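What follows is a single structure, written as structure tokens, with notes after it.
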Amino acid sequence: MDVIMNPFSSETRLRDMIRSIRACKTAAEERAVIRKECAAIRAAVSANDQDYRHRNMAKLMFIHMLGYPTHFGQMECLKLIASAGFPEKRIGYLGLMLLLDERQEVLMLVTNSVKQDLKHTNQYIVGLALCALGNICSAEMARDLAPEVERLLQFRDPNIRKKAALCSIRIIKKVPDLAENFIAPAASLIKEKHHGVLITGVQLCTDLCKVSTEALDYFRQRCTEGLVKVLKDVVNSPYSPEYDTSGITDPFLHIKLLRLLRILGQGDADASDCMNDILAQVATKTEPNKNAGNAILYECVETIMSIEDNSGLRVLAINILGRFLSNRDNNIRYVALNMLMKAIAVDAQAVQRHRATILECVKDSDASIRKRALELIYLLVNESNVKPLTKELIDYLEISDQEFKGDLTAKICSIVEKFSPEKLWHIDQILKVLSEAGNFVKDEVWHALIVVISNAPDLHGYTVRVLYKAVLASGEQESLVRVAVWCIGEYGEMLVNNVGMLDIEEPITVTESDAVDVLEVAMKCHTSDITTRAMSLVALLKLSSRFPSCSQRIRDIIVQQKGSLALELQQRSLEFNSIIEKHQNIRPALVEGMPVLDEATFRGKRAGSLPPSVSIPKGASLNLPNGVSKPPAAPFVDLLDLTSDDVPAPSSSGGDFLQDLLGVDLAPIPSLSGTCQPPTNGTDVLLDLLSIGTPPVQNNQSTPRISSPSQDTRKSVAPLERLSSLSSPLSEQLSSPAGAAAVVDLLDGLSPSLSMSHDRTQESNFSDNGPVYPSIVAYQSSSLKIMFSFSKPPGNPQTTSIEATFTNMSSNFYTDFIFQAAVPKFVQLHLDPASSNSLPASGNGTVTQKLRVTNSQHGQKPLAMRIRIAYKVNGQDVLEQGQISNLPAGL
């Protein structure tokens, strides 16, 4: 009579368990099977079942691979490893590598068993121990077992030497201090004939060179010639079925040797000379028709580019990359483009020879190859080839995909701005881009084009005629329409009268009505946005003075916009209609041509304008879209921009901190007699900021004063009667004290009564150690929040201690966190080291840093600062900067 076996017991075979799990039709059914099997295994563990321990461990490993918890079987692994038999040890070590990792405390219990197995007489058991140690070795285990592994590097069996070399790599990565113990044994492995041992020995030498300069010098002086000889033997070796891959002898050994030679030759001329011949031999003899051959050639090119200068070899390497570009495999072409971008810095002339092939890659069907080739072409452009390359790119722009037009237009415009030989060619190329893909062009491009046009007076007529013809043909391109509208408004009379004709032009007949038609179409086109329509209104106002015959028609077009839903267009329509109707005498002066915009100043502002948060690839410089690099500047001076040529330096007597920080114009106010007088105490900075006008000179008139909560000396402000010149109901309200108070109340409660009550509130907010200030959110972005807490030492009102608390609001972990601050000249700042340079994600932790500021103008000038925060996210540099002006008064 047959005994029926329980499907869930220690005696169940692994294959039966797998069969029952795979037969499950639902996840719940599978979980039920796993639960019952784990219960049976737990029962066997509790009963210390030695007969089926290895079978239970095999089941647990399968359950672990399905994602279920198996921690209760960790001690079973240790018991199997401690067994005497090879089958039990094999299952135990396999379970050790799967169920545990180097962070488990249980791992320390197995160290002694591994050490005994490394000394075992059975080489297969030694191999098991080495394999496990190479996979889950911790730093503590590495220190304890390193002498045994070093001894096994000289073992008689090549398989053990190979495993010992791989285990040594793990050890030196965990404990770099042990590297010096493995230098001599690793050098002896390079002389091996067995390819498996040789590959692991070369890899061990490579990793030793990365962690130890002593090892690098040792191998460079004593092993370079030996490695060259090994590579030469491999290259010239006859056919060997054991190592043959697609007709190439052991390509993996080829690549390992080339990588090690690259490290040894970098920065050492003697070592580079020693390997030049063999590198040339590898580059010429390797068959490029197979993927294995291409891998060897790529590594050979990498090595040639990394070692010391040899122009002939580098030309050969770049020619290999040129052949890669003609390969049908997209991966090979992409790799070649990446390598050519690095090669430009080494030998740009050699890369230029493959310009035509690279240009063909720009037209490739693969998007990643197109983008990489476009970046490479951008790097290849110079003054001598800018015209043909730009022509090719613009021709391709006509047929390129819509998703690629944005990148392509950006690069073309950047190339033209950076390398333009003459303004006529510059204008023509940008207009071609605007005509083909104006909707993909950024605003900075057409802004810059207008600046270029305004600085070329001899081309004004030509440009406005070309734009007139272009906008008739491509009126759907928004950026083109904007430039055309601006030029017709500025140079409309040149368009009508054919002024400034060039030899390359053909005369065209354009009437005043035709010019107005273009602006009217731009106004009424359903695709035009508010910016285009607003520019059209301005251009129509200008033409109303220059085209008297169309003045009434222009007025009718302008009046049509007074009912627009867009407030900007409605306001312009009403104001411009008023100018045409009521101010005929001043209209010509109002609509004069724009003054020439200084091109150098515009470029400087573009170069100096950076977004608040900029992501910078590691090792890359910050380049602006037009190819102009931002010049380096001192970080603190740059934060406050105190050295700008555009803003005059404030005088020591008449200047104010607001001028330093906000650029407020506090220049001397002209008096009625025409002479300049310095600003008196009646100058209201707040009203100046609101651009409400210049106060009249006051004589013997009492003026209300506004006091700052922490100031002992009070500054007088300009009388509110200065607003009475405004012809609006507001000025009538200001004539009475009640109206004045109402308006000042609108300015955030700055009336004298409120200020004095605020003074009393602040003065009462004192503790025994001095005034107490509330904490504030000094800075907050989508990814970062900074809180400031304040305290003042007793008896020293000029000094303030600030504790900054940084919180990471994003889901990314920040590293290399650095906080910088800049203050005006009358403030001294001291920064203590931060509590950490790592900021946990999602607000799970904070970093604190203490600041100490001393305000030498305490009671006279408020405290403000600019900040800059730098950190790394996934290896990429990120920069944020901002201004803190909401600090409590009295600091």
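Naming works like this for the structure tokens: A, B, ... for the chains as they're shown, residue 1 at the start of each chain, ligands 1 onward in shown order.
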So that I can check the surroundings of Leu257 (chain A), please list as a list in words every protein, DNA and RNA residue that reaches within 9 Å of it, counting only C-alpha atoms and ignoring chain neighbours fewer than 4 positions away.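 Skipping anything fewer than 4 positions along the chain leaves Ile199, Val202, Gln203, Leu227, Val228, Val230, Leu231, Phe252, Leu253, Leu261 and Arg262 of chain A.
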Written file, previous selection with C-alpha atoms, as a CSV table (one decimal), in the first residue's frame:
```csv
chain,number,residue,atom,x,y,z
A,199,ILE,CA,41.4,38.6,-16.9
A,202,VAL,CA,44.2,42.5,-15.0
A,203,GLN,CA,40.9,43.7,-13.4
A,227,LEU,CA,51.1,44.1,-20.3
A,228,VAL,CA,52.1,45.3,-23.8
A,230,VAL,CA,50.5,40.1,-23.3
A,231,LEU,CA,48.3,42.2,-25.5
A,252,PHE,CA,37.1,40.4,-23.2
A,253,LEU,CA,40.8,40.1,-22.4
A,261,LEU,CA,46.9,50.4,-20.4
A,262,ARG,CA,44.7,53.5,-20.6
```
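For Leu459 (chain A), the residues within 9 Å (counting only C-alpha atoms, excluding itself and residues fewer than 2 positions away along the chain) are A:Lys423, A:Leu424, A:Ile453, A:Ser454, A:Ala456, A:Pro457, A:Gly461, A:Tyr462, A:Thr463, A:Val464, A:Gly500, A:Met501, A:Leu502.
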Selected residues written out with all heavy atoms, as a PDB file, in the first residue's frame:
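Listed below is the output, selection39.pdb:
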```
ATOM      1  N   LYS A 423      26.483  91.763 -40.434  1.00  0.00           N
ATOM      2  CA  LYS A 423      25.108  91.961 -39.979  1.00  0.00           C
ATOM      3  C   LYS A 423      24.090  91.562 -41.046  1.00  0.00           C
ATOM      4  O   LYS A 423      23.014  91.051 -40.718  1.00  0.00           O
ATOM      5  CB  LYS A 423      24.897  93.418 -39.557  1.00  0.00           C
ATOM      6  CG  LYS A 423      25.610  93.793 -38.264  1.00  0.00           C
ATOM      7  CD  LYS A 423      25.191  95.157 -37.779  1.00  0.00           C
ATOM      8  CE  LYS A 423      25.926  95.532 -36.499  1.00  0.00           C
ATOM      9  NZ  LYS A 423      25.598  94.632 -35.382  1.00  0.00           N
ATOM     10  N   LEU A 424      24.398  91.800 -42.320  1.00  0.00           N
ATOM     11  CA  LEU A 424      23.456  91.445 -43.377  1.00  0.00           C
ATOM     12  C   LEU A 424      23.205  89.941 -43.379  1.00  0.00           C
ATOM     13  O   LEU A 424      22.050  89.478 -43.440  1.00  0.00           O
ATOM     14  CB  LEU A 424      23.988  91.904 -44.738  1.00  0.00           C
ATOM     15  CG  LEU A 424      23.120  91.526 -45.946  1.00  0.00           C
ATOM     16  CD1 LEU A 424      21.739  92.133 -45.826  1.00  0.00           C
ATOM     17  CD2 LEU A 424      23.791  91.971 -47.253  1.00  0.00           C
ATOM     18  N   ILE A 453      19.112  94.760 -35.682  1.00  0.00           N
ATOM     19  CA  ILE A 453      18.550  95.608 -36.745  1.00  0.00           C
ATOM     20  C   ILE A 453      18.702  97.080 -36.401  1.00  0.00           C
ATOM     21  O   ILE A 453      19.084  97.907 -37.239  1.00  0.00           O
ATOM     22  CB  ILE A 453      17.069  95.242 -36.971  1.00  0.00           C
ATOM     23  CG1 ILE A 453      16.949  93.831 -37.555  1.00  0.00           C
ATOM     24  CG2 ILE A 453      16.398  96.256 -37.894  1.00  0.00           C
ATOM     25  CD1 ILE A 453      15.527  93.312 -37.629  1.00  0.00           C
ATOM     26  N   SER A 454      18.418  97.438 -35.147  1.00  0.00           N
ATOM     27  CA  SER A 454      18.508  98.850 -34.769  1.00  0.00           C
ATOM     28  C   SER A 454      19.938  99.373 -34.848  1.00  0.00           C
ATOM     29  O   SER A 454      20.146 100.579 -35.015  1.00  0.00           O
ATOM     30  CB  SER A 454      17.959  99.042 -33.350  1.00  0.00           C
ATOM     31  OG  SER A 454      18.818  98.429 -32.396  1.00  0.00           O
ATOM     32  N   ALA A 456      22.048  98.586 -37.216  1.00  0.00           N
ATOM     33  CA  ALA A 456      22.501  98.554 -38.614  1.00  0.00           C
ATOM     34  C   ALA A 456      21.676  99.554 -39.420  1.00  0.00           C
ATOM     35  O   ALA A 456      20.758  99.168 -40.160  1.00  0.00           O
ATOM     36  CB  ALA A 456      22.368  97.146 -39.181  1.00  0.00           C
ATOM     37  N   PRO A 457      21.940 100.869 -39.292  1.00  0.00           N
ATOM     38  CA  PRO A 457      21.091 101.881 -39.953  1.00  0.00           C
ATOM     39  C   PRO A 457      21.073 101.764 -41.471  1.00  0.00           C
ATOM     40  O   PRO A 457      20.067 102.093 -42.107  1.00  0.00           O
ATOM     41  CB  PRO A 457      21.711 103.213 -39.496  1.00  0.00           C
ATOM     42  CG  PRO A 457      23.091 102.861 -39.031  1.00  0.00           C
ATOM     43  CD  PRO A 457      23.025 101.477 -38.500  1.00  0.00           C
ATOM     44  N   GLY A 461      16.091  99.848 -44.335  1.00  0.00           N
ATOM     45  CA  GLY A 461      15.179  99.742 -45.469  1.00  0.00           C
ATOM     46  C   GLY A 461      15.130  98.323 -46.011  1.00  0.00           C
ATOM     47  O   GLY A 461      14.047  97.780 -46.280  1.00  0.00           O
ATOM     48  N   TYR A 462      16.301  97.719 -46.187  1.00  0.00           N
ATOM     49  CA  TYR A 462      16.347  96.338 -46.691  1.00  0.00           C
ATOM     50  C   TYR A 462      15.603  95.389 -45.751  1.00  0.00           C
ATOM     51  O   TYR A 462      14.809  94.556 -46.197  1.00  0.00           O
ATOM     52  CB  TYR A 462      17.808  95.910 -46.833  1.00  0.00           C
ATOM     53  CG  TYR A 462      17.994  94.422 -47.063  1.00  0.00           C
ATOM     54  CD1 TYR A 462      17.786  93.868 -48.305  1.00  0.00           C
ATOM     55  CD2 TYR A 462      18.360  93.580 -46.006  1.00  0.00           C
ATOM     56  CE1 TYR A 462      17.943  92.502 -48.521  1.00  0.00           C
ATOM     57  CE2 TYR A 462      18.511  92.225 -46.203  1.00  0.00           C
ATOM     58  CZ  TYR A 462      18.313  91.678 -47.456  1.00  0.00           C
ATOM     59  OH  TYR A 462      18.458  90.341 -47.659  1.00  0.00           O
ATOM     60  N   THR A 463      15.823  95.544 -44.459  1.00  0.00           N
ATOM     61  CA  THR A 463      15.213  94.627 -43.488  1.00  0.00           C
ATOM     62  C   THR A 463      13.704  94.750 -43.477  1.00  0.00           C
ATOM     63  O   THR A 463      12.988  93.736 -43.461  1.00  0.00           O
ATOM     64  CB  THR A 463      15.773  94.915 -42.076  1.00  0.00           C
ATOM     65  OG1 THR A 463      17.195  94.798 -42.095  1.00  0.00           O
ATOM     66  CG2 THR A 463      15.209  93.940 -41.068  1.00  0.00           C
ATOM     67  N   VAL A 464      13.171  95.968 -43.491  1.00  0.00           N
ATOM     68  CA  VAL A 464      11.725  96.128 -43.419  1.00  0.00           C
ATOM     69  C   VAL A 464      11.061  95.604 -44.694  1.00  0.00           C
ATOM     70  O   VAL A 464       9.957  95.050 -44.662  1.00  0.00           O
ATOM     71  CB  VAL A 464      11.360  97.601 -43.140  1.00  0.00           C
ATOM     72  CG1 VAL A 464      11.606  98.492 -44.351  1.00  0.00           C
ATOM     73  CG2 VAL A 464       9.904  97.718 -42.677  1.00  0.00           C
ATOM     74  N   GLY A 500      16.996 103.220 -49.100  1.00  0.00           N
ATOM     75  CA  GLY A 500      18.110 102.347 -48.740  1.00  0.00           C
ATOM     76  C   GLY A 500      18.152 101.055 -49.530  1.00  0.00           C
ATOM     77  O   GLY A 500      18.455 100.001 -48.972  1.00  0.00           O
ATOM     78  N   MET A 501      17.869 101.117 -50.818  1.00  0.00           N
ATOM     79  CA  MET A 501      17.891  99.914 -51.665  1.00  0.00           C
ATOM     80  C   MET A 501      19.322  99.380 -51.786  1.00  0.00           C
ATOM     81  O   MET A 501      20.274 100.137 -52.000  1.00  0.00           O
ATOM     82  CB  MET A 501      17.343 100.224 -53.044  1.00  0.00           C
ATOM     83  CG  MET A 501      15.848 100.515 -53.087  1.00  0.00           C
ATOM     84  SD  MET A 501      14.860  99.034 -52.835  1.00  0.00           S
ATOM     85  CE  MET A 501      15.289  98.106 -54.293  1.00  0.00           C
ATOM     86  N   LEU A 502      19.480  98.073 -51.692  1.00  0.00           N
ATOM     87  CA  LEU A 502      20.767  97.418 -51.902  1.00  0.00           C
ATOM     88  C   LEU A 502      20.825  96.821 -53.302  1.00  0.00           C
ATOM     89  O   LEU A 502      19.798  96.628 -53.965  1.00  0.00           O
ATOM     90  CB  LEU A 502      20.973  96.311 -50.861  1.00  0.00           C
ATOM     91  CG  LEU A 502      20.948  96.733 -49.391  1.00  0.00           C
ATOM     92  CD1 LEU A 502      21.209  95.519 -48.494  1.00  0.00           C
ATOM     93  CD2 LEU A 502      21.974  97.813 -49.105  1.00  0.00           C
TER      94      LEU A 502
END
```
7 Å contact set for region 473-488 of chain A, only C-alpha atoms, chain neighbours under 2 positions out, as an NGL selection string: :A and (434-435 or 437-439 or 446 or 450 or 464 or 467-471 or 490-492 or 519 or 528 or 532 or 535-536 or 539)
Taking into account only C-alpha atoms, which residue in the set A:Arg372, A:Arg222, A:Arg555, A:Arg55 is nearest to Ile190 (chain A)? A:Arg222
Pick from A:Cys361, A:Ala283, A:Leu887, A:Cys274 nearest to Pro774 (chain A), counting only C-alpha atoms: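 When distances to Pro774 (chain A) are compared using only C-alpha atoms, the smallest one comes from A:Leu887.
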Which of these residues is nearest to Ile125 (chain A), using only C-alpha atoms: A:Phe86, A:Tyr378, A:Phe826, A:Phe790? A:Phe86
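The shell of residues at most 12 Å from region 236-243 of chain A, with only C-alpha atoms counted and near chain neighbours (fewer than 4 positions) removed, consists of A:His194, A:His195, A:Gly196, A:Lys229, A:Val230, A:Leu231, A:Lys232, A:Gly247, A:Ile248, A:Thr249, A:Asp250, A:Pro251, A:Phe252, A:Leu253, A:His254, A:Ile278, A:Gln281, A:Val282, A:Lys285, A:Thr286.
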Within 12 Å of Leu537 (chain A) using only C-alpha atoms, minus same-chain residues under 6 positions, as a PDB file with N, CA and C atoms, in the first residue's frame:
```
ATOM      1  N   ARG A 482       5.979  89.506 -35.052  1.00  0.00           N
ATOM      2  CA  ARG A 482       6.362  90.518 -34.070  1.00  0.00           C
ATOM      3  C   ARG A 482       7.506  91.389 -34.571  1.00  0.00           C
ATOM      4  N   VAL A 485       6.166  93.632 -37.355  1.00  0.00           N
ATOM      5  CA  VAL A 485       5.348  94.720 -36.816  1.00  0.00           C
ATOM      6  C   VAL A 485       6.234  95.811 -36.235  1.00  0.00           C
ATOM      7  N   TRP A 486       7.252  95.413 -35.485  1.00  0.00           N
ATOM      8  CA  TRP A 486       8.136  96.414 -34.878  1.00  0.00           C
ATOM      9  C   TRP A 486       8.861  97.213 -35.960  1.00  0.00           C
ATOM     10  N   ILE A 488       8.008  97.671 -39.156  1.00  0.00           N
ATOM     11  CA  ILE A 488       7.098  98.526 -39.942  1.00  0.00           C
ATOM     12  C   ILE A 488       6.741  99.760 -39.140  1.00  0.00           C
ATOM     13  N   GLY A 489       6.553  99.610 -37.824  1.00  0.00           N
ATOM     14  CA  GLY A 489       6.278 100.782 -37.002  1.00  0.00           C
ATOM     15  C   GLY A 489       7.442 101.749 -36.947  1.00  0.00           C
ATOM     16  N   VAL A 516      -0.375  99.385 -43.506  1.00  0.00           N
ATOM     17  CA  VAL A 516      -1.376  99.330 -42.445  1.00  0.00           C
ATOM     18  C   VAL A 516      -2.114  97.991 -42.483  1.00  0.00           C
ATOM     19  N   VAL A 518      -0.926  95.067 -43.088  1.00  0.00           N
ATOM     20  CA  VAL A 518      -0.156  94.058 -42.362  1.00  0.00           C
ATOM     21  C   VAL A 518      -0.425  94.156 -40.865  1.00  0.00           C
ATOM     22  N   LEU A 519      -0.444  95.388 -40.354  1.00  0.00           N
ATOM     23  CA  LEU A 519      -0.682  95.570 -38.922  1.00  0.00           C
ATOM     24  C   LEU A 519      -2.109  95.207 -38.542  1.00  0.00           C
ATOM     25  N   GLU A 520      -3.065  95.519 -39.430  1.00  0.00           N
ATOM     26  CA  GLU A 520      -4.456  95.185 -39.132  1.00  0.00           C
ATOM     27  C   GLU A 520      -4.669  93.673 -39.112  1.00  0.00           C
ATOM     28  N   VAL A 521      -4.022  92.992 -40.050  1.00  0.00           N
ATOM     29  CA  VAL A 521      -4.130  91.528 -40.063  1.00  0.00           C
ATOM     30  C   VAL A 521      -3.525  90.945 -38.790  1.00  0.00           C
ATOM     31  N   ALA A 522      -2.374  91.492 -38.358  1.00  0.00           N
ATOM     32  CA  ALA A 522      -1.747  91.009 -37.124  1.00  0.00           C
ATOM     33  C   ALA A 522      -2.644  91.265 -35.919  1.00  0.00           C
ATOM     34  N   MET A 523      -3.404  92.367 -35.953  1.00  0.00           N
ATOM     35  CA  MET A 523      -4.314  92.681 -34.854  1.00  0.00           C
ATOM     36  C   MET A 523      -5.489  91.713 -34.799  1.00  0.00           C
ATOM     37  N   LYS A 524      -6.015  91.357 -35.970  1.00  0.00           N
ATOM     38  CA  LYS A 524      -7.262  90.606 -36.009  1.00  0.00           C
ATOM     39  C   LYS A 524      -7.070  89.104 -36.177  1.00  0.00           C
ATOM     40  N   ILE A 530      -1.549  88.452 -27.025  1.00  0.00           N
ATOM     41  CA  ILE A 530      -1.663  89.837 -26.546  1.00  0.00           C
ATOM     42  C   ILE A 530      -0.414  90.636 -26.880  1.00  0.00           C
ATOM     43  N   THR A 531       0.768  89.989 -26.774  1.00  0.00           N
ATOM     44  CA  THR A 531       2.018  90.711 -27.060  1.00  0.00           C
ATOM     45  C   THR A 531       2.038  91.210 -28.495  1.00  0.00           C
ATOM     46  N   LEU A 543       2.570 104.976 -37.043  1.00  0.00           N
ATOM     47  CA  LEU A 543       2.241 105.247 -38.451  1.00  0.00           C
ATOM     48  C   LEU A 543       1.159 106.300 -38.589  1.00  0.00           C
ATOM     49  N   SER A 544       0.343 106.529 -37.567  1.00  0.00           N
ATOM     50  CA  SER A 544      -0.696 107.562 -37.657  1.00  0.00           C
ATOM     51  C   SER A 544      -0.079 108.940 -37.838  1.00  0.00           C
ATOM     52  N   ILE A 554      -6.392 104.266 -39.234  1.00  0.00           N
ATOM     53  CA  ILE A 554      -5.626 103.757 -38.097  1.00  0.00           C
ATOM     54  C   ILE A 554      -6.381 104.001 -36.798  1.00  0.00           C
ATOM     55  N   ARG A 555      -7.001 105.189 -36.702  1.00  0.00           N
ATOM     56  CA  ARG A 555      -7.770 105.498 -35.483  1.00  0.00           C
ATOM     57  C   ARG A 555      -8.930 104.527 -35.315  1.00  0.00           C
ATOM     58  N   ASP A 556      -9.608 104.194 -36.430  1.00  0.00           N
ATOM     59  CA  ASP A 556     -10.732 103.257 -36.351  1.00  0.00           C
ATOM     60  C   ASP A 556     -10.262 101.875 -35.874  1.00  0.00           C
ATOM     61  N   ILE A 557      -9.073 101.447 -36.357  1.00  0.00           N
ATOM     62  CA  ILE A 557      -8.560 100.139 -35.937  1.00  0.00           C
ATOM     63  C   ILE A 557      -8.233 100.148 -34.448  1.00  0.00           C
ATOM     64  N   ILE A 558      -7.648 101.272 -33.995  1.00  0.00           N
ATOM     65  CA  ILE A 558      -7.278 101.373 -32.587  1.00  0.00           C
ATOM     66  C   ILE A 558      -8.517 101.401 -31.703  1.00  0.00           C
ATOM     67  N   VAL A 559      -9.558 102.138 -32.133  1.00  0.00           N
ATOM     68  CA  VAL A 559     -10.774 102.273 -31.328  1.00  0.00           C
ATOM     69  C   VAL A 559     -11.468 100.919 -31.156  1.00  0.00           C
ATOM     70  N   GLN A 560     -11.326 100.046 -32.148  1.00  0.00           N
ATOM     71  CA  GLN A 560     -11.979  98.737 -32.071  1.00  0.00           C
ATOM     72  C   GLN A 560     -11.525  97.921 -30.858  1.00  0.00           C
ATOM     73  N   GLN A 561     -10.345  98.229 -30.341  1.00  0.00           N
ATOM     74  CA  GLN A 561      -9.803  97.452 -29.218  1.00  0.00           C
ATOM     75  C   GLN A 561     -10.202  97.999 -27.855  1.00  0.00           C
ATOM     76  N   LYS A 562     -10.971  99.100 -27.815  1.00  0.00           N
ATOM     77  CA  LYS A 562     -11.302  99.656 -26.507  1.00  0.00           C
ATOM     78  C   LYS A 562     -12.297  98.778 -25.750  1.00  0.00           C
ATOM     79  N   GLU A 568      -4.736  95.074 -21.046  1.00  0.00           N
ATOM     80  CA  GLU A 568      -3.605  95.746 -21.677  1.00  0.00           C
ATOM     81  C   GLU A 568      -4.019  96.390 -22.995  1.00  0.00           C
ATOM     82  N   LEU A 569      -4.746  95.642 -23.832  1.00  0.00           N
ATOM     83  CA  LEU A 569      -5.169  96.179 -25.134  1.00  0.00           C
ATOM     84  C   LEU A 569      -6.210  97.276 -24.950  1.00  0.00           C
ATOM     85  N   GLN A 570      -7.098  97.107 -24.006  1.00  0.00           N
ATOM     86  CA  GLN A 570      -8.125  98.115 -23.749  1.00  0.00           C
ATOM     87  C   GLN A 570      -7.498  99.427 -23.311  1.00  0.00           C
ATOM     88  N   GLN A 571      -6.520  99.350 -22.422  1.00  0.00           N
ATOM     89  CA  GLN A 571      -5.870 100.568 -21.939  1.00  0.00           C
ATOM     90  C   GLN A 571      -5.095 101.263 -23.047  1.00  0.00           C
ATOM     91  N   ARG A 572      -4.341 100.465 -23.814  1.00  0.00           N
ATOM     92  CA  ARG A 572      -3.579 101.082 -24.922  1.00  0.00           C
ATOM     93  C   ARG A 572      -4.513 101.728 -25.935  1.00  0.00           C
ATOM     94  N   SER A 573      -5.619 101.049 -26.236  1.00  0.00           N
ATOM     95  CA  SER A 573      -6.552 101.608 -27.208  1.00  0.00           C
ATOM     96  C   SER A 573      -7.086 102.961 -26.750  1.00  0.00           C
ATOM     97  N   LEU A 574      -7.508 103.058 -25.505  1.00  0.00           N
ATOM     98  CA  LEU A 574      -8.050 104.324 -24.991  1.00  0.00           C
ATOM     99  C   LEU A 574      -6.987 105.409 -24.962  1.00  0.00           C
ATOM    100  N   GLU A 575      -5.771 105.071 -24.488  1.00  0.00           N
ATOM    101  CA  GLU A 575      -4.705 106.076 -24.404  1.00  0.00           C
ATOM    102  C   GLU A 575      -4.280 106.543 -25.791  1.00  0.00           C
ATOM    103  N   PHE A 576      -4.106 105.607 -26.726  1.00  0.00           N
ATOM    104  CA  PHE A 576      -3.656 105.981 -28.067  1.00  0.00           C
ATOM    105  C   PHE A 576      -4.729 106.789 -28.798  1.00  0.00           C
ATOM    106  N   ASN A 577      -5.996 106.458 -28.593  1.00  0.00           N
ATOM    107  CA  ASN A 577      -7.072 107.226 -29.206  1.00  0.00           C
ATOM    108  C   ASN A 577      -7.093 108.649 -28.669  1.00  0.00           C
TER     109      ASN A 577
END
```
